[in-house]
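The block underneath contains the structure these notes are about, expressed in structure tokens.
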Amino acid sequence: MISEQQVAAVVAAVSAQLTDPAFGQVSIGGFVETQPDAARFLTLAVGRKVGAEEAMQAVFHATVMEACFQDAFGGASVVTFAGLDAVGEQPGDALTKEQPALASYLATNVPVPAVRDALARVALCWSRARAVEGGAT
């Protein structure tokens, strides 16, 4: 399981890098390349519900969560559409049980419930893939 301390350390590191105006674009671009299905899902799911700008913000939050998995476990699996579908209903509730520190991050930083649920779905894919790969999350 990712700890509150690990999330706080990643958030602090990301916040420090935000002084570089190109950081956000580079982070989002890298995520789109390494996590194409997750990026498409967030762009479509969030973009349709609340708008394009919010979709890009969601992708940025996903980069933060991916960095949390990188910090805690050395990486995050590639999210697939099949994995996103397998998450099931109530991704926010499931994330609270499986990765409470990430659920807390989303609750604090993402005010729109539909956006939180989309991000929770992506985080659950990483969490569940981590469990299958041989480590308890």
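Residues are referred to by chain and number: the chain letter is A, B, ... according to the order shown in the structure tokens, the number counts from 1 in that chain, and ligands are numbered separately from 1 in the order shown.
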Please tabulate, as a Markdown table, the residues of segment 17-76 of chain A that come within 9 Å of segment 109-113 of chain A, each with its closest pair of atoms and the distance in Å to one decimal, counting only C-alpha atoms and ordering rows by chain, then residue number upward.
```
| residue | atom | partner | partner_atom | distance |
| --- | --- | --- | --- | --- |
| A:Val50 | CA | A:Val112 | CA | 8.6 |
| A:Ala58 | CA | A:Val110 | CA | 8.3 |
| A:His61 | CA | A:Val110 | CA | 8.4 |
```
Tell me which protein, DNA and RNA residues are within 10 Å of Lys49 of chain A, counting only C-alpha atoms, leaving out same-chain ones fewer than 5 positions away, and put them as a list in words.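 Listing them by chain and then by number gives Thr43, Leu44, Glu54, Ala55, Ala114 and Val115 of chain A.
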With distances taken over only C-alpha atoms, which of A:Glu33, A:Asp20, A:Glu66, A:Asp71 is nearest to Gln6 of chain A?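 Closest candidate: A:Asp71.
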Would you list, as a CSV table (one decimal) with C-alpha atoms, in the first residue's frame, the residues of chain A that end up in alpha helix (DSSP H) under DSSP run on this structure's backbone?
```
chain,number,residue,atom,x,y,z
A,4,GLU,CA,0.5,9.1,3.1
A,5,GLN,CA,4.2,10.0,3.5
A,6,GLN,CA,5.1,8.6,0.1
A,7,VAL,CA,2.2,10.6,-1.5
A,8,ALA,CA,3.3,13.7,0.4
A,9,ALA,CA,6.9,13.3,-0.8
A,10,VAL,CA,5.8,12.9,-4.5
A,11,VAL,CA,3.5,15.9,-4.3
A,12,ALA,CA,6.2,18.0,-2.8
A,13,ALA,CA,8.7,16.9,-5.5
A,14,VAL,CA,6.1,17.7,-8.2
A,15,SER,CA,5.2,21.0,-6.7
A,16,ALA,CA,8.9,22.0,-6.7
A,17,GLN,CA,9.1,21.2,-10.4
A,23,PHE,CA,7.1,20.7,-16.6
A,24,GLY,CA,3.4,20.2,-16.9
A,25,GLN,CA,3.5,19.8,-20.7
A,26,VAL,CA,6.4,17.4,-20.5
A,27,SER,CA,4.7,15.3,-17.8
A,28,ILE,CA,1.4,15.1,-19.7
A,29,GLY,CA,3.2,14.3,-23.0
A,30,GLY,CA,5.2,11.5,-21.3
A,31,PHE,CA,2.1,10.1,-19.8
A,32,VAL,CA,0.3,10.1,-23.1
A,33,GLU,CA,3.2,8.1,-24.6
A,34,THR,CA,3.6,5.6,-21.8
A,36,PRO,CA,-2.0,5.7,-24.0
A,37,ASP,CA,-5.2,3.9,-22.9
A,38,ALA,CA,-5.3,5.7,-19.6
A,39,ALA,CA,-4.7,9.1,-21.3
A,40,ARG,CA,-7.4,8.4,-23.9
A,41,PHE,CA,-9.8,7.2,-21.2
A,42,LEU,CA,-9.3,10.3,-19.0
A,43,THR,CA,-9.5,12.6,-22.0
A,44,LEU,CA,-12.8,11.1,-23.1
A,45,ALA,CA,-14.4,10.4,-19.8
A,46,VAL,CA,-13.5,13.7,-18.2
A,47,GLY,CA,-13.7,15.8,-21.4
A,48,ARG,CA,-17.2,14.7,-22.1
A,49,LYS,CA,-18.5,15.4,-18.6
A,50,VAL,CA,-16.7,18.6,-17.6
A,52,ALA,CA,-11.1,19.7,-22.2
A,53,GLU,CA,-9.2,21.8,-19.6
A,54,GLU,CA,-10.4,19.6,-16.8
A,55,ALA,CA,-9.4,16.5,-18.8
A,56,MET,CA,-5.8,17.8,-19.1
A,57,GLN,CA,-5.8,18.5,-15.3
A,58,ALA,CA,-7.0,14.9,-14.8
A,59,VAL,CA,-4.1,13.6,-16.9
A,60,PHE,CA,-1.7,15.7,-14.8
A,61,HIS,CA,-3.2,14.2,-11.5
A,62,ALA,CA,-2.7,10.8,-13.1
A,63,THR,CA,1.0,11.6,-13.6
A,64,VAL,CA,1.2,12.4,-9.9
A,65,MET,CA,-0.4,9.1,-8.9
A,66,GLU,CA,1.8,7.2,-11.4
A,67,ALA,CA,4.8,8.8,-9.7
A,68,CYS,CA,3.5,7.5,-6.4
A,69,PHE,CA,3.5,4.0,-7.8
A,70,GLN,CA,7.0,4.6,-9.2
A,71,ASP,CA,8.2,5.8,-5.8
A,72,ALA,CA,6.6,3.0,-3.8
A,73,PHE,CA,7.1,0.1,-6.2
A,81,PHE,CA,-9.0,-0.6,-21.5
A,82,ALA,CA,-9.7,-4.1,-20.4
A,83,GLY,CA,-8.2,-3.3,-17.0
A,84,LEU,CA,-10.3,-0.1,-16.8
A,85,ASP,CA,-13.5,-2.1,-17.6
A,86,ALA,CA,-12.6,-4.7,-15.0
A,91,PRO,CA,-14.1,3.1,-8.1
A,92,GLY,CA,-13.8,5.8,-5.5
A,93,ASP,CA,-15.0,3.5,-2.7
A,94,ALA,CA,-12.7,0.7,-3.9
A,95,LEU,CA,-9.7,3.1,-4.0
A,96,THR,CA,-10.5,4.2,-0.5
A,97,LYS,CA,-10.2,0.6,0.6
A,98,GLU,CA,-7.2,-0.4,-1.5
A,100,PRO,CA,-6.4,5.2,1.0
A,101,ALA,CA,-3.6,7.6,0.6
A,102,LEU,CA,-4.3,8.0,-3.1
A,103,ALA,CA,-8.0,8.4,-2.4
A,104,SER,CA,-7.2,11.1,0.1
A,105,TYR,CA,-5.0,12.8,-2.5
A,106,LEU,CA,-7.9,12.8,-4.9
A,107,ALA,CA,-10.4,14.0,-2.3
A,108,THR,CA,-8.1,16.9,-1.4
A,109,ASN,CA,-7.1,17.9,-5.0
A,113,PRO,CA,-16.7,13.7,-8.3
A,114,ALA,CA,-16.8,12.5,-11.9
A,115,VAL,CA,-13.1,13.4,-12.4
A,116,ARG,CA,-12.2,11.7,-9.1
A,117,ASP,CA,-14.0,8.5,-10.1
A,118,ALA,CA,-12.2,8.5,-13.5
A,119,LEU,CA,-8.8,9.0,-11.7
A,120,ALA,CA,-9.7,6.4,-9.1
A,121,ARG,CA,-10.4,3.9,-11.9
A,122,VAL,CA,-6.9,4.4,-13.3
A,123,ALA,CA,-5.3,4.2,-9.9
A,124,LEU,CA,-7.1,0.9,-9.2
A,125,CYS,CA,-5.7,-0.5,-12.4
A,126,TRP,CA,-2.2,0.2,-11.2
A,127,SER,CA,-3.0,-1.1,-7.7
A,128,ARG,CA,-4.6,-4.3,-8.9
A,129,ALA,CA,-1.9,-5.0,-11.4
A,130,ARG,CA,0.7,-4.5,-8.7
A,131,ALA,CA,-1.1,-7.1,-6.6
A,132,VAL,CA,-1.1,-9.6,-9.5
```
Report the distance between atom CA of Gly74 of chain A and atom CA of Ser3 of chain A in Å, rounded to one decimal place. 14.5 Å
